[in-house]
Structures are given as C-alpha cells and as structure tokens.
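Colleague: Input: one structure, supplied below.
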Amino acid sequence: MIDPKVLDDIANKLSDAIPQSVKDTGDEFAKQAKQVLQSHLAKLDLVTREEFDAQTKVLQRTRLMLEELEKKLTDIESKL
C-alpha cells in the first residue's frame with residue numbers, strides 16, 4: 001500500500017491550492033481528497049518498496065542458480 005504520509009502530502013497540497021474564500025472547508029476537502037486518493041490507489045496493482053526489494057533479491061538469487069545450472073549442464077554435455 002502507498003505510504004500514508006505521501007497521501008497526506010498530496011491532500012495537503014490540494015487543500016493549499018483552494019482559494020482563501022473556500023479555506024473554511026479545507027479540512028473536509030483534505031479528508032475527502034485523501035479518501036478518494038486511497039480508493040483509487042487501492043485499485044491499482046501496486047506493491048510496497050519492501051515487497052519490490054524482496055522480489056528483486058529473489059530474482060537475483062534465481063538468476064545465479066540458473067547460471068550455475070547452465071554451467072553444470074554444459075559440463076555434463078561436454079563429458080557426453
């Protein structure tokens with residue numbers, strides 16, 4: 001899920017863009033903007049940075065294993 005601080009920052013920026021005459025409803029707007037952002041971002045197929053980094057490590061290990069297996073296969077083929 002997206003970092004709540006990022007959503008707060010976006011909601012605050014949107015709230016700051018509202019004209020002063022409408023500032024009285026700024027807090028309510030920020031809450032609604034945050035809810036809308038969260039609902040739309042939840043629909044996206046996103047992963048956290050931690051998940052991405054973990055999968056990157058898994059992929060690196062898998063590539064190393066594949067390289068080792070390819071090397072072993074080449075050795076076996078050359079012996080045959």
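Naming works like this for the structure tokens: A, B, ... for the chains as they're shown, residue 1 at the start of each chain, ligands 1 onward in shown order.
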Residues near region 39-49 of chain A, anyone? I mean within 10 Å using only C-alpha atoms, not counting same-chain ones fewer than 5 positions away, as a VMD selection string.

Modeller: chain A and resid 1 to 3 7 33 to 34 54 to 55

Colleague: Can you list, as number ranges by chain, all residues belonging to chain A that DSSP tags as alpha helix (DSSP H)?

Modeller: A: 4-16, 26-43, 49-79

Colleague: Just to confirm, what's the straight-line distance from CA of Ser15 (chain A) to CA of Gln32 (chain A) in Å (one decimal)?

Modeller: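 These two atoms are separated by 10.3 Å.
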
Colleague: Report as a compact mmCIF listing (two decimals) with all heavy atoms, in the first residue's frame all protein, DNA and RNA residues lying within 12 Å of Lys31 (chain A), evaluated on only C-alpha atoms, omitting residues in the same chain fewer than 3 positions from it.

Modeller:
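Dumped to part_19.txt:
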# COMPACT_ATOMS: atom_id res chain seq x y z
N LEU A 7 0.12 10.33 0.86
CA LEU A 7 -1.27 10.72 0.64
C LEU A 7 -1.60 12.00 1.39
O LEU A 7 -2.30 12.88 0.86
CB LEU A 7 -2.22 9.60 1.08
CG LEU A 7 -2.17 8.33 0.24
CD1 LEU A 7 -3.09 7.28 0.84
CD2 LEU A 7 -2.54 8.60 -1.19
N ASP A 8 -1.10 12.12 2.61
CA ASP A 8 -1.32 13.35 3.38
C ASP A 8 -0.71 14.55 2.67
O ASP A 8 -1.31 15.62 2.61
CB ASP A 8 -0.74 13.22 4.79
CG ASP A 8 -1.58 12.34 5.69
OD1 ASP A 8 -2.80 12.18 5.41
OD2 ASP A 8 -1.03 11.81 6.67
N ASP A 9 0.50 14.37 2.14
CA ASP A 9 1.16 15.47 1.43
C ASP A 9 0.36 15.90 0.21
O ASP A 9 0.17 17.10 -0.03
CB ASP A 9 2.57 15.06 1.00
CG ASP A 9 3.54 14.94 2.17
OD1 ASP A 9 3.23 15.49 3.25
OD2 ASP A 9 4.60 14.31 2.00
N ILE A 10 -0.13 14.93 -0.56
CA ILE A 10 -0.92 15.25 -1.75
C ILE A 10 -2.21 15.95 -1.35
O ILE A 10 -2.59 16.97 -1.94
CB ILE A 10 -1.21 13.98 -2.57
CG1 ILE A 10 0.08 13.43 -3.16
CG2 ILE A 10 -2.22 14.27 -3.68
CD1 ILE A 10 -0.06 12.07 -3.81
N ALA A 11 -2.87 15.42 -0.32
CA ALA A 11 -4.12 16.03 0.13
C ALA A 11 -3.88 17.45 0.64
O ALA A 11 -4.68 18.36 0.36
CB ALA A 11 -4.75 15.18 1.23
N ASN A 12 -2.77 17.66 1.35
CA ASN A 12 -2.45 19.00 1.84
C ASN A 12 -2.15 19.96 0.70
O ASN A 12 -2.55 21.12 0.74
CB ASN A 12 -1.28 18.94 2.82
CG ASN A 12 -1.67 18.33 4.15
OD1 ASN A 12 -2.82 18.38 4.55
ND2 ASN A 12 -0.70 17.73 4.83
N LEU A 14 -3.34 19.76 -2.34
CA LEU A 14 -4.63 20.08 -2.95
C LEU A 14 -5.40 21.07 -2.10
O LEU A 14 -6.01 22.02 -2.61
CB LEU A 14 -5.46 18.80 -3.15
CG LEU A 14 -4.97 17.83 -4.21
CD1 LEU A 14 -5.76 16.54 -4.15
CD2 LEU A 14 -5.07 18.45 -5.59
N SER A 15 -5.35 20.90 -0.81
CA SER A 15 -6.04 21.80 0.11
C SER A 15 -5.44 23.21 0.05
O SER A 15 -6.17 24.20 0.09
CB SER A 15 -5.96 21.26 1.53
OG SER A 15 -6.60 22.14 2.42
N THR A 25 -13.62 25.18 4.42
CA THR A 25 -13.95 23.77 4.16
C THR A 25 -12.70 22.98 3.76
O THR A 25 -12.80 21.84 3.33
CB THR A 25 -14.99 23.67 3.03
OG1 THR A 25 -14.47 24.29 1.85
CG2 THR A 25 -16.30 24.31 3.44
N GLY A 26 -11.53 23.58 3.95
CA GLY A 26 -10.27 22.94 3.55
C GLY A 26 -10.01 21.63 4.25
O GLY A 26 -9.55 20.67 3.62
N ASP A 27 -10.29 21.56 5.56
CA ASP A 27 -10.06 20.31 6.28
C ASP A 27 -10.93 19.18 5.75
O ASP A 27 -10.48 18.06 5.56
CB ASP A 27 -10.31 20.50 7.78
CG ASP A 27 -9.23 21.34 8.44
OD1 ASP A 27 -8.12 21.43 7.88
OD2 ASP A 27 -9.52 21.91 9.50
N GLU A 28 -12.18 19.50 5.52
CA GLU A 28 -13.11 18.49 4.99
C GLU A 28 -12.68 18.06 3.59
O GLU A 28 -12.71 16.89 3.24
CB GLU A 28 -14.53 19.03 4.97
CG GLU A 28 -15.57 18.02 4.49
CD GLU A 28 -15.64 16.77 5.37
OE1 GLU A 28 -15.39 16.88 6.59
OE2 GLU A 28 -15.94 15.70 4.84
N LYS A 34 -8.14 12.76 0.42
CA LYS A 34 -7.36 11.61 0.86
C LYS A 34 -8.13 10.31 0.65
O LYS A 34 -7.57 9.32 0.18
CB LYS A 34 -6.99 11.78 2.34
CG LYS A 34 -6.11 10.68 2.87
CD LYS A 34 -5.74 10.93 4.32
CE LYS A 34 -4.92 9.79 4.88
NZ LYS A 34 -4.56 10.00 6.28
N GLN A 35 -9.42 10.32 0.98
CA GLN A 35 -10.24 9.13 0.79
C GLN A 35 -10.34 8.75 -0.69
O GLN A 35 -10.24 7.58 -1.05
CB GLN A 35 -11.64 9.35 1.37
CG GLN A 35 -11.68 9.39 2.88
CD GLN A 35 -13.06 9.77 3.41
OE1 GLN A 35 -13.93 10.23 2.67
NE2 GLN A 35 -13.25 9.57 4.71
N VAL A 36 -10.52 9.75 -1.53
CA VAL A 36 -10.61 9.49 -2.97
C VAL A 36 -9.29 8.93 -3.49
O VAL A 36 -9.27 7.94 -4.24
CB VAL A 36 -11.01 10.77 -3.74
CG1 VAL A 36 -10.83 10.59 -5.24
CG2 VAL A 36 -12.44 11.16 -3.41
N LEU A 37 -8.17 9.54 -3.06
CA LEU A 37 -6.86 9.05 -3.49
C LEU A 37 -6.63 7.62 -3.02
O LEU A 37 -6.16 6.78 -3.79
CB LEU A 37 -5.76 9.97 -2.95
CG LEU A 37 -5.61 11.31 -3.64
CD1 LEU A 37 -4.66 12.20 -2.86
CD2 LEU A 37 -5.11 11.13 -5.06
N GLN A 38 -6.96 7.35 -1.77
CA GLN A 38 -6.76 6.00 -1.25
C GLN A 38 -7.61 4.98 -2.02
O GLN A 38 -7.13 3.89 -2.36
CB GLN A 38 -7.12 5.94 0.24
CG GLN A 38 -6.07 6.53 1.13
CD GLN A 38 -6.47 6.49 2.59
OE1 GLN A 38 -7.64 6.57 2.93
NE2 GLN A 38 -5.48 6.38 3.47
